[in-house]
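The next block is upload38.txt, given as compact mmCIF, C-alpha atoms.
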```txt
# COMPACT_ATOMS: atom_id res chain seq x y z
CA MET A 13 -13.06 -19.79 -51.16
CA ILE A 14 -13.96 -18.77 -54.72
CA SER A 15 -14.73 -15.11 -55.46
CA ILE A 16 -17.20 -14.77 -58.33
CA ILE A 17 -17.10 -11.33 -59.98
CA ILE A 18 -20.15 -10.26 -62.01
CA PRO A 19 -20.32 -6.89 -63.82
CA VAL A 20 -23.97 -5.90 -64.22
CA PHE A 21 -25.37 -3.41 -66.71
CA ASN A 22 -29.07 -3.39 -67.59
CA ALA A 23 -29.36 -7.15 -67.25
CA ASP A 24 -32.68 -7.43 -65.42
CA HIS A 25 -34.06 -9.99 -67.91
CA TYR A 26 -31.22 -12.43 -67.15
CA LEU A 27 -29.83 -11.47 -63.76
CA GLU A 28 -31.97 -13.64 -61.47
CA ALA A 29 -31.17 -16.77 -63.49
CA CYS A 30 -27.49 -15.87 -63.37
CA LEU A 31 -27.46 -15.36 -59.60
CA ASN A 32 -29.58 -18.43 -58.91
CA SER A 33 -27.21 -20.61 -60.93
CA VAL A 34 -24.39 -19.51 -58.62
CA LEU A 35 -26.24 -19.57 -55.29
CA SER A 36 -27.57 -23.08 -55.97
CA GLN A 37 -24.12 -24.57 -56.56
CA ASP A 38 -23.08 -27.54 -54.43
CA PHE A 39 -19.85 -25.73 -53.64
CA LYS A 40 -20.92 -23.25 -50.94
CA ASN A 41 -17.65 -21.56 -49.98
CA ILE A 42 -18.10 -18.61 -52.30
CA GLU A 43 -18.53 -14.88 -52.31
CA ILE A 44 -20.34 -13.18 -55.17
CA ILE A 45 -19.28 -9.63 -55.97
CA ALA A 46 -21.80 -7.98 -58.28
CA ILE A 47 -20.86 -4.54 -59.58
CA ASP A 48 -23.81 -2.51 -60.82
CA ASP A 49 -22.28 -0.50 -63.65
CA GLY A 50 -24.81 2.33 -63.69
CA SER A 51 -27.84 0.25 -64.67
CA THR A 52 -31.04 2.14 -65.49
CA ASP A 53 -33.37 -0.87 -65.40
CA GLU A 54 -34.40 -3.11 -62.49
CA SER A 55 -30.96 -4.69 -62.03
CA GLN A 56 -30.17 -2.80 -58.83
CA LYS A 57 -33.48 -3.82 -57.25
CA ILE A 58 -32.85 -7.48 -58.12
CA LEU A 59 -29.36 -7.32 -56.62
CA THR A 60 -30.64 -5.70 -53.43
CA ASP A 61 -33.43 -8.26 -53.03
CA VAL A 62 -31.13 -11.25 -53.54
CA ALA A 63 -28.44 -9.80 -51.24
CA SER A 64 -31.03 -9.39 -48.47
CA ARG A 65 -31.69 -13.14 -48.64
CA ASP A 66 -28.11 -14.38 -49.07
CA PRO A 67 -25.15 -12.60 -47.45
CA ARG A 68 -22.74 -14.23 -49.87
CA LEU A 69 -23.80 -11.62 -52.43
CA ILE A 70 -21.93 -8.33 -52.11
CA VAL A 71 -23.30 -5.47 -54.22
CA LEU A 72 -21.15 -2.55 -55.35
CA GLN A 73 -22.35 0.42 -57.36
CA GLN A 74 -20.60 2.73 -59.79
CA GLU A 75 -21.44 5.13 -62.58
CA ASN A 76 -21.37 3.49 -65.98
CA ALA A 77 -17.70 2.89 -66.80
CA GLY A 78 -17.63 -0.46 -68.58
CA PRO A 79 -16.97 -4.09 -67.62
CA SER A 80 -13.19 -3.70 -67.21
CA VAL A 81 -13.62 -1.02 -64.54
CA ALA A 82 -16.30 -3.14 -62.86
CA ARG A 83 -14.13 -6.27 -62.86
CA ASN A 84 -11.20 -4.33 -61.41
CA ARG A 85 -13.40 -3.10 -58.58
CA GLY A 86 -14.35 -6.69 -57.95
CA LEU A 87 -10.69 -7.73 -57.88
CA ASP A 88 -9.98 -5.02 -55.31
CA GLN A 89 -12.76 -6.43 -53.10
CA ALA A 90 -12.19 -10.17 -53.61
CA LYS A 91 -10.99 -12.33 -50.71
CA GLY A 92 -11.12 -15.76 -52.34
CA ASP A 93 -8.29 -18.14 -53.16
CA TYR A 94 -9.55 -18.25 -56.75
CA ILE A 95 -11.27 -15.67 -58.95
CA PHE A 96 -14.08 -16.60 -61.34
CA PHE A 97 -15.57 -14.09 -63.80
CA LEU A 98 -19.20 -14.43 -64.85
CA ASP A 99 -21.28 -12.20 -67.14
CA ALA A 100 -24.71 -11.18 -65.87
CA ASP A 101 -26.58 -12.73 -68.81
CA ASP A 102 -24.84 -16.11 -68.52
CA THR A 103 -25.21 -18.99 -66.06
CA LEU A 104 -23.22 -21.80 -64.46
CA ALA A 105 -23.96 -25.45 -65.03
CA PRO A 106 -25.06 -27.34 -61.87
CA GLY A 107 -22.12 -28.65 -59.86
CA SER A 108 -19.55 -26.85 -62.01
CA LEU A 109 -17.74 -25.02 -59.21
CA ALA A 110 -17.35 -28.20 -57.14
CA ASN A 111 -16.04 -30.06 -60.17
CA LEU A 112 -13.55 -27.35 -61.10
CA ASN A 113 -12.35 -27.05 -57.53
CA ALA A 114 -11.92 -30.83 -57.21
CA GLU A 115 -10.02 -31.08 -60.51
CA SER A 116 -7.72 -28.14 -59.92
CA SER A 117 -4.84 -29.95 -58.15
CA ASP A 118 -3.82 -26.48 -56.93
CA ALA A 119 -3.23 -25.29 -60.51
CA ASP A 120 -2.81 -21.57 -61.11
CA LEU A 121 -5.44 -21.57 -63.86
CA ILE A 122 -8.28 -24.06 -64.32
CA ILE A 123 -10.28 -23.68 -67.53
CA GLY A 124 -13.78 -25.11 -67.87
CA ARG A 125 -15.77 -25.90 -71.00
CA PHE A 126 -18.78 -23.89 -72.06
CA GLN A 127 -22.05 -24.35 -73.90
CA LYS A 128 -23.87 -21.86 -76.11
CA LEU A 129 -27.57 -21.51 -75.33
CA ASP A 130 -30.34 -19.70 -77.20
CA LEU A 131 -32.91 -17.50 -75.45
CA ASP A 132 -35.15 -20.53 -74.87
CA GLY A 133 -32.38 -22.39 -73.05
CA ASN A 134 -31.66 -24.82 -75.87
CA THR A 135 -28.07 -25.84 -76.44
CA ILE A 136 -26.71 -24.48 -79.71
CA SER A 137 -23.27 -25.99 -79.42
CA GLY A 138 -20.61 -27.03 -76.98
CA PHE A 139 -17.11 -25.70 -76.92
CA GLU A 140 -13.90 -27.64 -76.63
CA PRO A 141 -11.17 -25.12 -75.74
CA CYS A 142 -8.50 -27.79 -76.24
CA SER A 143 -7.83 -31.29 -74.98
CA ALA A 144 -8.39 -31.82 -71.27
CA GLY A 145 -5.57 -32.18 -68.79
CA GLN A 146 -2.44 -30.42 -67.61
CA LYS A 147 -0.90 -28.04 -70.16
CA SER A 148 2.85 -27.75 -70.67
CA THR A 149 4.62 -24.56 -71.69
CA ASP A 150 4.87 -25.92 -75.23
CA ASP A 151 1.11 -26.56 -75.22
CA LEU A 152 0.42 -22.98 -74.15
CA VAL A 153 2.72 -21.52 -76.78
CA SER A 154 1.02 -23.66 -79.43
CA LEU A 155 -2.39 -22.43 -78.30
CA ALA A 156 -1.17 -18.84 -78.43
CA ARG A 157 0.11 -19.28 -81.97
CA ALA A 158 -3.10 -21.02 -83.03
CA TYR A 159 -5.13 -18.07 -81.71
CA LEU A 160 -2.99 -15.65 -83.72
CA VAL A 161 -3.66 -17.63 -86.89
CA ALA A 162 -7.41 -18.07 -86.37
CA PRO A 163 -8.82 -16.00 -83.46
CA ASN A 164 -12.40 -17.05 -84.20
CA ARG A 165 -11.65 -20.76 -83.97
CA HIS A 166 -9.07 -21.13 -81.20
CA LEU A 167 -10.90 -19.60 -78.26
CA THR A 168 -9.18 -21.07 -75.21
CA PHE A 169 -7.81 -17.67 -74.17
CA ALA A 170 -10.32 -15.42 -75.91
CA TYR A 171 -12.42 -15.03 -72.75
CA ALA A 172 -11.74 -14.42 -69.08
CA TRP A 173 -14.95 -16.01 -67.85
CA GLY A 174 -15.53 -19.70 -67.15
CA ARG A 175 -12.21 -20.38 -65.39
CA LEU A 176 -10.53 -20.17 -62.02
CA PHE A 177 -7.60 -17.76 -61.65
CA LYS A 178 -5.37 -18.12 -58.61
CA ALA A 179 -5.91 -14.89 -56.69
CA THR A 180 -2.41 -14.66 -55.21
CA LEU A 181 -0.91 -14.37 -58.70
CA ILE A 182 -3.30 -11.59 -59.64
CA LYS A 183 -2.56 -9.65 -56.47
CA ALA A 184 1.20 -10.24 -56.35
CA ASN A 185 1.64 -9.09 -59.95
CA HIS A 186 -0.93 -6.27 -59.83
CA LEU A 187 -2.85 -7.71 -62.78
CA ARG A 188 -5.87 -5.73 -63.90
CA PHE A 189 -8.08 -5.38 -66.95
CA ASP A 190 -7.02 -2.55 -69.23
CA GLU A 191 -9.73 0.05 -68.71
CA SER A 192 -8.84 1.88 -71.93
CA MET A 193 -9.87 -1.15 -74.02
CA ARG A 194 -13.36 -1.89 -75.26
CA SER A 195 -12.45 -5.08 -77.10
CA TYR A 196 -9.94 -7.91 -76.60
CA GLU A 197 -9.34 -6.92 -72.98
CA ASP A 198 -9.96 -10.53 -71.92
CA VAL A 199 -7.22 -11.76 -74.28
CA LYS A 200 -4.74 -9.26 -72.88
CA PHE A 201 -5.58 -10.18 -69.30
CA ASN A 202 -5.30 -13.92 -69.98
CA PHE A 203 -1.84 -13.73 -71.52
CA GLU A 204 -0.55 -11.35 -68.86
CA PHE A 205 -1.75 -13.88 -66.28
CA LEU A 206 -0.19 -16.78 -68.20
CA GLY A 207 3.16 -15.02 -67.98
CA HIS A 208 3.10 -15.69 -64.24
CA CYS A 209 1.59 -19.20 -64.31
CA ARG A 210 3.36 -22.37 -63.23
CA SER A 211 0.47 -24.72 -64.03
CA VAL A 212 -2.60 -24.64 -66.27
CA TYR A 213 -5.28 -27.31 -66.23
CA VAL A 214 -8.14 -27.74 -68.71
CA SER A 215 -11.20 -29.48 -67.32
CA ASP A 216 -13.47 -31.85 -69.19
CA THR A 217 -16.43 -30.51 -67.20
CA PRO A 218 -19.18 -28.41 -68.86
CA THR A 219 -19.00 -25.33 -66.68
CA TYR A 220 -20.26 -22.16 -68.28
CA ARG A 221 -23.49 -21.51 -70.18
CA PHE A 222 -23.08 -18.63 -72.61
CA LEU A 223 -26.30 -16.96 -73.75
CA VAL A 224 -26.39 -16.06 -77.43
CA ARG A 225 -28.53 -12.94 -77.57
CA THR A 226 -30.23 -11.67 -80.69
CA ASP A 227 -30.95 -8.15 -79.41
CA HIS A 228 -27.45 -6.87 -80.04
CA SER A 229 -24.66 -7.48 -82.49
CA SER A 230 -20.89 -7.43 -82.20
CA LEU A 231 -20.45 -7.31 -85.96
CA THR A 232 -20.33 -3.53 -86.04
CA PHE A 233 -19.47 -0.94 -83.44
CA GLU A 234 -20.87 2.47 -82.75
CA ILE A 235 -18.06 4.98 -83.05
CA GLY A 236 -18.84 7.12 -80.02
CA ASN A 237 -16.28 9.68 -78.95
CA ASP A 238 -13.26 7.39 -78.91
CA PRO A 239 -13.11 4.89 -81.77
CA ALA A 240 -9.47 4.14 -80.92
CA ARG A 241 -10.83 2.05 -78.05
CA LEU A 242 -12.15 -0.38 -80.66
CA LEU A 243 -8.59 -1.25 -81.65
CA GLY A 244 -7.80 -3.17 -78.49
CA TYR A 245 -6.48 -6.12 -80.46
CA ASN A 246 -3.13 -4.37 -80.92
CA HIS A 247 -2.63 -4.37 -77.14
CA ALA A 248 -3.76 -8.00 -76.96
CA ILE A 249 -1.36 -9.09 -79.70
CA ARG A 250 1.52 -7.38 -77.92
CA SER A 251 0.64 -9.32 -74.77
CA ILE A 252 0.62 -12.58 -76.74
CA GLU A 253 3.95 -11.70 -78.34
CA GLY A 254 5.41 -10.95 -74.90
CA PHE A 255 4.13 -14.23 -73.49
CA ILE A 256 5.62 -16.29 -76.34
CA ARG A 257 8.99 -14.55 -76.05
CA GLN A 258 9.08 -15.14 -72.31
CA ALA A 259 7.81 -18.72 -72.37
CA SER A 260 9.76 -19.90 -75.44
CA PRO A 261 12.57 -17.49 -76.46
CA GLN A 262 13.61 -19.80 -79.30
CA THR A 263 10.17 -19.66 -80.95
CA ASP A 264 9.77 -17.34 -83.93
CA ALA A 265 6.12 -16.35 -84.09
CA SER A 266 6.67 -13.28 -86.27
CA ALA A 267 4.64 -14.69 -89.17
CA GLU A 268 1.65 -15.47 -86.94
CA ILE A 269 1.86 -12.06 -85.26
CA ALA A 270 1.97 -10.33 -88.64
CA ARG A 271 -1.03 -12.30 -89.85
CA ALA A 272 -3.07 -11.49 -86.76
CA MET A 273 -2.13 -7.83 -86.68
CA VAL A 274 -2.92 -7.19 -90.35
CA SER A 275 -6.04 -9.37 -90.49
CA LEU A 276 -7.57 -7.82 -87.39
CA SER A 277 -6.61 -4.31 -88.55
CA VAL A 278 -8.49 -4.96 -91.79
CA ILE A 279 -11.55 -6.37 -89.99
CA GLN A 280 -11.76 -3.59 -87.41
CA SER A 281 -11.14 -0.85 -89.96
CA ILE A 282 -14.12 -2.12 -91.94
CA ARG A 283 -16.27 -2.28 -88.81
CA ILE A 284 -15.33 1.29 -87.91
CA CYS A 285 -15.84 2.69 -91.40
CA VAL A 286 -19.25 1.07 -91.88
CA ASN A 287 -20.47 3.89 -89.60
CA LEU A 288 -18.76 6.59 -91.71
CA ASN A 289 -20.71 9.84 -92.12
CA TRP A 290 -19.99 13.55 -92.27
CA HIS A 291 -20.29 13.92 -88.50
CA ASN A 292 -17.62 11.36 -87.59
CA PHE A 293 -15.45 11.68 -90.72
CA GLY A 294 -12.69 13.60 -88.92
CA THR A 295 -12.68 11.28 -85.90
CA ILE A 296 -12.40 8.18 -88.05
CA TYR A 297 -9.70 9.76 -90.20
CA THR A 298 -7.60 10.57 -87.12
CA THR A 299 -8.12 7.10 -85.65
CA LEU A 300 -7.03 5.29 -88.81
CA LYS A 301 -4.08 7.63 -89.28
CA GLN A 302 -2.90 6.72 -85.79
CA LEU A 303 -3.46 3.04 -86.52
CA LEU A 304 -1.32 3.18 -89.67
CA ALA A 305 1.49 4.75 -87.64
CA ASP A 306 1.50 1.82 -85.18
CA SER A 307 4.99 0.30 -85.18
CA LEU A 308 3.76 -3.29 -84.87
CA LEU A 309 1.36 -2.86 -87.77
CA ARG A 310 4.10 -1.30 -89.94
CA GLN A 311 6.38 -4.24 -89.16
CA SER A 312 3.56 -6.72 -89.74
CA LEU A 313 2.67 -5.26 -93.13
CA ARG A 314 6.23 -5.90 -94.29
CA LEU A 315 5.97 -9.57 -93.30
CA TYR A 316 2.36 -10.20 -94.24
CA GLN A 317 1.57 -12.61 -97.06
CA VAL A 318 -1.92 -12.22 -98.55
CA GLU A 319 -3.83 -15.50 -98.57
CA PRO A 320 -6.37 -16.62 -101.18
CA GLY A 321 -9.76 -15.07 -100.56
CA HIS A 322 -8.38 -12.24 -98.41
CA SER A 323 -8.29 -8.58 -99.37
CA ARG A 324 -5.21 -7.42 -101.25
CA LEU A 325 -6.31 -3.83 -101.65
CA ILE A 326 -6.80 -2.89 -98.00
CA PRO A 327 -3.37 -4.14 -96.80
CA PHE A 328 -1.84 -2.35 -99.82
CA LEU A 329 -3.50 0.93 -98.82
CA MET A 330 -2.37 0.42 -95.23
CA LYS A 331 1.20 -0.23 -96.32
CA ARG A 332 1.17 2.95 -98.40
CA GLY A 333 -0.32 4.91 -95.52
CA TRP A 334 -3.15 6.25 -97.67
CA VAL A 335 -5.78 7.07 -95.08
CA LEU A 336 -8.56 8.57 -97.21
CA PRO A 337 -8.63 5.77 -99.83
CA LEU A 338 -8.49 3.27 -96.96
CA MET A 339 -11.53 4.87 -95.30
CA LEU A 340 -13.59 4.88 -98.47
CA THR A 341 -12.61 1.32 -99.39
CA CYS A 342 -13.40 0.01 -95.90
CA ALA A 343 -16.71 1.89 -95.85
CA ARG A 344 -17.73 0.34 -99.16
CA ARG A 345 -16.74 -3.15 -97.97
CA GLY A 346 -18.63 -2.62 -94.74
CA TRP A 347 -21.78 -1.40 -96.47
CA GLN A 348 -21.64 -4.42 -98.77
CA ARG A 349 -21.22 -6.81 -95.85
CA TYR A 350 -23.41 -5.32 -93.14
CA GLY A 351 -25.67 -2.86 -94.92
CA LYS A 352 -25.20 0.89 -95.06
CA LYS A 353 -25.48 2.70 -91.73
CA THR A 354 -27.15 6.04 -91.25
```
What do you get writing this file as structure tokens?
Amino acid sequence: MISIIIPVFNADHYLEACLNSVLSQDFKNIEIIAIDDGSTDESQKILTDVASRDPRLIVLQQENAGPSVARNRGLDQAKGDYIFFLDADDTLAPGSLANLNAESSDADLIIGRFQKLDLDGNTISGFEPCSAGQKSTDDLVSLARAYLVAPNRHLTFAYAWGRLFKATLIKANHLRFDESMRSYEDVKFNFEFLGHCRSVYVSDTPTYRFLVRTDHSSLTFEIGNDPARLLGYNHAIRSIEGFIRQASPQTDASAEIARAMVSLSVIQSIRICVNLNWHNFGTIYTTLKQLLADSLLRQSLRLYQVEPGHSRLIPFLMKRGWVLPLMLTCARRGWQRYGKKT
């Protein structure tokens, strides 16, 4: 059986299509665990109506706590041999679960391909995570290093959805999503899981249809009360570093780790500071001060080599530990790139 875990938050425009794409699959031996994460729209009504017609849908409710908490609740409930994560605004391609299950050869992790769709259902692009077939330890280490060098291009382990995780490994090793993280939690989970894998298979089957929405943007983040949660990449990078050391002790990935840590620190600092104003000045100052004290970032700054076209000033300010100039520089860069926030 496959347990499909779907966090749901205010997804009433997309939820029926998502659920129908699962319930209409040729592979019938499934349970769907939908966790309503405090929705205030019609999502709960849709879930209740569908569950009344198909007992394979199990509906859980919680106060709004974020997708990681919702996924963990689903993991606690799941009874399947494999776990599959699905977002409530995405869909599955017809026949994808049967194809993944048939191709798995009892692998611990089976990764499907995905397509990007616009709001009209048109395909924007496909996605090739890597070449199809069984992956060796060397292959996995190479993919990890490639992600560190270019996280936006090497996406095989950037997401937790669209793949089958063997449930016994999750349960035996008490693997969970880090509920303190707002970003990069999927990366951390993937590499923690890989640390316990014996076999990874990449399918050639189009499996997952990812909806590209235009009503929200991930380019900038609202600060909220805890901007440190936006710096989840440092936890993810530590998980990648741990995986590489365990899987290939002879591999020196220090240069790639330094590049990823500094580059992502620069990017996220700009995204935080684009929201800078008198109300959140102190919160942002404290967050960046804590970031600059991070031991992995300090080590990475010593190893980091600035590449053509990349900022020299921001890493220099980070290395010096100059928080206020860093804030003002990042705010100016952010306003230039994204437009000044109010």
Please, which residues are within 12 Å of (-16.8, -0.8, -68.9) by the file's coordinates, counting all atoms listed in the file, and could they come as an MDAnalysis selection string? chainID A and resid 19:21 47:51 74:85 189:195 197 241
One-decimal distance in Å that lies between atom CA of Ser15 of chain A and atom CA of Leu181 of chain A: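 According to the coordinates, atom CA of Leu181 of chain A and atom CA of Ser15 of chain A are separated by 14.2 Å.
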Report, in Å with one decimal, the straight-line distance from atom CA of Ile269 of chain A to atom CA of Tyr213 of chain A.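 Spanning atom CA of Ile269 of chain A to atom CA of Tyr213 of chain A is a straight-line distance of 25.4 Å.
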Could you give me, as a list of chain:residue names, the residues within 12 Å of Asp61 of chain A, counting all atoms listed in the file and dropping anything in the same chain fewer than 4 positions from it? A:Leu27, A:Glu28, A:Leu31, A:Glu54, A:Ser55, A:Gln56, A:Lys57, A:Arg65, A:Asp66, A:Pro67, A:Leu69, A:Ile70, A:Val71
Residue nearest Gln280 of chain A among A:Arg68, A:Arg324, A:Lys147, A:Arg345 (counting only C-alpha atoms): A:Arg345
Go through A:Leu338, A:Met13, A:Ala119, A:Val62 and flag the residue nearest Thr299 of chain A, using all atoms listed in the file for the distances.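 Looking only at the distances to Thr299 of chain A, the closest residue turns out to be A:Leu338.
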With a distance cut-off of 8 Å and all atoms listed in the file, select the neighbouring residues of Arg188 of chain A, excluding the residue or stretch itself and same-chain residues fewer than 6 positions from it, and output the selection as a ChimeraX atom specification. /A:84,87,182,201
Return the single residue from A:Phe177, A:Phe293, A:Tyr196, A:Phe222 that is closest to Ile249 of chain A, with distances computed using only C-alpha atoms. A:Tyr196
Could you tell me how far atom CA of Pro261 of chain A lies from atom CA of Ala158 of chain A, in Å and to one decimal?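 Answer for the atom CA of Pro261 of chain A to atom CA of Ala158 of chain A separation: 17.4 Å.
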Counting all atoms listed in the file, write as number ranges by chain all protein and nucleic acid residues lying at most 8 Å from (-7.2, -31.2, -65.9) in the file's frame. A: 115-116, 122, 144-146, 213-216
Please determine, counting all atoms listed in the file, which residue among A:Ala179, A:Thr217, A:Ala90, A:Arg210 has the shortest atom-to-atom distance to Asn111 of chain A.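 Of all the options, A:Thr217 lies closest to Asn111 of chain A.
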Shortest interatomic distance to Arg221 of chain A - which of A:Lys128, A:His25, A:His322, A:Lys91, counting all atoms listed in the file: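 Closest to Arg221 of chain A of all the choices is A:Lys128.
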Contacts of Leu129 of chain A at 8 Å (all atoms listed in the file; same-chain gap of 6+ positions) as a PDB file with C-alpha atoms, in the coordinates of the input:
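Listed below is the output, part_7.pdb:
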```
ATOM      1  CA  THR A 135     -28.070 -25.840 -76.440  1.00  0.00           C
ATOM      2  CA  ILE A 136     -26.710 -24.480 -79.710  1.00  0.00           C
ATOM      3  CA  SER A 137     -23.270 -25.990 -79.420  1.00  0.00           C
ATOM      4  CA  ARG A 221     -23.490 -21.510 -70.180  1.00  0.00           C
ATOM      5  CA  PHE A 222     -23.080 -18.630 -72.610  1.00  0.00           C
ATOM      6  CA  LEU A 223     -26.300 -16.960 -73.750  1.00  0.00           C
ATOM      7  CA  VAL A 224     -26.390 -16.060 -77.430  1.00  0.00           C
TER       8      VAL A 224
END
```
Restricting the calculation to only C-alpha atoms: of A:Ala110, A:Ile284, A:Ile58, A:Ile14, which residue gets closest to Asp38 of chain A?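 Of the candidates, the smallest distance to Asp38 of chain A is held by A:Ala110.
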Output as a PDB file, in the coordinates of the input: segment 25-48 of chain A, completed with N, CA and C atoms.
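Result saved to rebuild-v4.pdb:
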```pdb
ATOM      1  N   HIS A  25     -33.380  -8.827 -67.315  1.00  0.00           N
ATOM      2  CA  HIS A  25     -34.060  -9.990 -67.910  1.00  0.00           C
ATOM      3  C   HIS A  25     -33.334 -11.305 -67.616  1.00  0.00           C
ATOM      4  N   TYR A  26     -32.066 -11.227 -67.282  1.00  0.00           N
ATOM      5  CA  TYR A  26     -31.220 -12.430 -67.150  1.00  0.00           C
ATOM      6  C   TYR A  26     -30.612 -12.589 -65.756  1.00  0.00           C
ATOM      7  N   LEU A  27     -30.634 -11.519 -64.968  1.00  0.00           N
ATOM      8  CA  LEU A  27     -29.830 -11.470 -63.760  1.00  0.00           C
ATOM      9  C   LEU A  27     -30.240 -12.491 -62.701  1.00  0.00           C
ATOM     10  N   GLU A  28     -31.534 -12.674 -62.491  1.00  0.00           N
ATOM     11  CA  GLU A  28     -31.970 -13.640 -61.470  1.00  0.00           C
ATOM     12  C   GLU A  28     -31.513 -15.049 -61.812  1.00  0.00           C
ATOM     13  N   ALA A  29     -31.626 -15.429 -63.078  1.00  0.00           N
ATOM     14  CA  ALA A  29     -31.170 -16.770 -63.490  1.00  0.00           C
ATOM     15  C   ALA A  29     -29.675 -16.905 -63.278  1.00  0.00           C
ATOM     16  N   CYS A  30     -28.937 -15.851 -63.579  1.00  0.00           N
ATOM     17  CA  CYS A  30     -27.490 -15.870 -63.370  1.00  0.00           C
ATOM     18  C   CYS A  30     -27.156 -16.086 -61.903  1.00  0.00           C
ATOM     19  N   LEU A  31     -27.752 -15.267 -61.038  1.00  0.00           N
ATOM     20  CA  LEU A  31     -27.460 -15.360 -59.600  1.00  0.00           C
ATOM     21  C   LEU A  31     -27.914 -16.693 -59.024  1.00  0.00           C
ATOM     22  N   ASN A  32     -29.086 -17.158 -59.426  1.00  0.00           N
ATOM     23  CA  ASN A  32     -29.580 -18.430 -58.910  1.00  0.00           C
ATOM     24  C   ASN A  32     -28.674 -19.591 -59.300  1.00  0.00           C
ATOM     25  N   SER A  33     -28.097 -19.521 -60.497  1.00  0.00           N
ATOM     26  CA  SER A  33     -27.210 -20.610 -60.930  1.00  0.00           C
ATOM     27  C   SER A  33     -25.952 -20.672 -60.088  1.00  0.00           C
ATOM     28  N   VAL A  34     -25.568 -19.541 -59.491  1.00  0.00           N
ATOM     29  CA  VAL A  34     -24.390 -19.510 -58.620  1.00  0.00           C
ATOM     30  C   VAL A  34     -24.768 -19.914 -57.194  1.00  0.00           C
ATOM     31  N   LEU A  35     -25.841 -19.322 -56.677  1.00  0.00           N
ATOM     32  CA  LEU A  35     -26.240 -19.570 -55.290  1.00  0.00           C
ATOM     33  C   LEU A  35     -26.693 -21.005 -55.058  1.00  0.00           C
ATOM     34  N   SER A  36     -27.116 -21.699 -56.108  1.00  0.00           N
ATOM     35  CA  SER A  36     -27.570 -23.080 -55.970  1.00  0.00           C
ATOM     36  C   SER A  36     -26.452 -24.098 -56.188  1.00  0.00           C
ATOM     37  N   GLN A  37     -25.231 -23.651 -56.365  1.00  0.00           N
ATOM     38  CA  GLN A  37     -24.120 -24.570 -56.560  1.00  0.00           C
ATOM     39  C   GLN A  37     -23.877 -25.433 -55.317  1.00  0.00           C
ATOM     40  N   ASP A  38     -23.432 -26.671 -55.536  1.00  0.00           N
ATOM     41  CA  ASP A  38     -23.080 -27.540 -54.430  1.00  0.00           C
ATOM     42  C   ASP A  38     -21.906 -26.989 -53.631  1.00  0.00           C
ATOM     43  N   PHE A  39     -21.002 -26.333 -54.308  1.00  0.00           N
ATOM     44  CA  PHE A  39     -19.850 -25.730 -53.640  1.00  0.00           C
ATOM     45  C   PHE A  39     -20.323 -24.425 -53.001  1.00  0.00           C
ATOM     46  N   LYS A  40     -20.303 -24.355 -51.682  1.00  0.00           N
ATOM     47  CA  LYS A  40     -20.920 -23.250 -50.940  1.00  0.00           C
ATOM     48  C   LYS A  40     -19.921 -22.181 -50.498  1.00  0.00           C
ATOM     49  N   ASN A  41     -18.652 -22.494 -50.516  1.00  0.00           N
ATOM     50  CA  ASN A  41     -17.650 -21.560 -49.980  1.00  0.00           C
ATOM     51  C   ASN A  41     -17.308 -20.516 -51.050  1.00  0.00           C
ATOM     52  N   ILE A  42     -18.250 -19.615 -51.255  1.00  0.00           N
ATOM     53  CA  ILE A  42     -18.100 -18.610 -52.300  1.00  0.00           C
ATOM     54  C   ILE A  42     -18.475 -17.233 -51.764  1.00  0.00           C
ATOM     55  N   GLU A  43     -17.985 -16.217 -52.435  1.00  0.00           N
ATOM     56  CA  GLU A  43     -18.530 -14.880 -52.310  1.00  0.00           C
ATOM     57  C   GLU A  43     -18.827 -14.389 -53.728  1.00  0.00           C
ATOM     58  N   ILE A  44     -19.944 -13.713 -53.867  1.00  0.00           N
ATOM     59  CA  ILE A  44     -20.340 -13.180 -55.170  1.00  0.00           C
ATOM     60  C   ILE A  44     -20.245 -11.663 -55.085  1.00  0.00           C
ATOM     61  N   ILE A  45     -19.440 -11.080 -55.943  1.00  0.00           N
ATOM     62  CA  ILE A  45     -19.280  -9.630 -55.970  1.00  0.00           C
ATOM     63  C   ILE A  45     -19.917  -9.127 -57.258  1.00  0.00           C
ATOM     64  N   ALA A  46     -21.089  -8.521 -57.123  1.00  0.00           N
ATOM     65  CA  ALA A  46     -21.800  -7.980 -58.280  1.00  0.00           C
ATOM     66  C   ALA A  46     -21.595  -6.472 -58.307  1.00  0.00           C
ATOM     67  N   ILE A  47     -21.116  -5.968 -59.431  1.00  0.00           N
ATOM     68  CA  ILE A  47     -20.860  -4.540 -59.580  1.00  0.00           C
ATOM     69  C   ILE A  47     -21.886  -3.960 -60.522  1.00  0.00           C
ATOM     70  N   ASP A  48     -22.803  -3.156 -59.984  1.00  0.00           N
ATOM     71  CA  ASP A  48     -23.810  -2.510 -60.820  1.00  0.00           C
ATOM     72  C   ASP A  48     -23.155  -1.333 -61.531  1.00  0.00           C
TER      73      ASP A  48
END
```
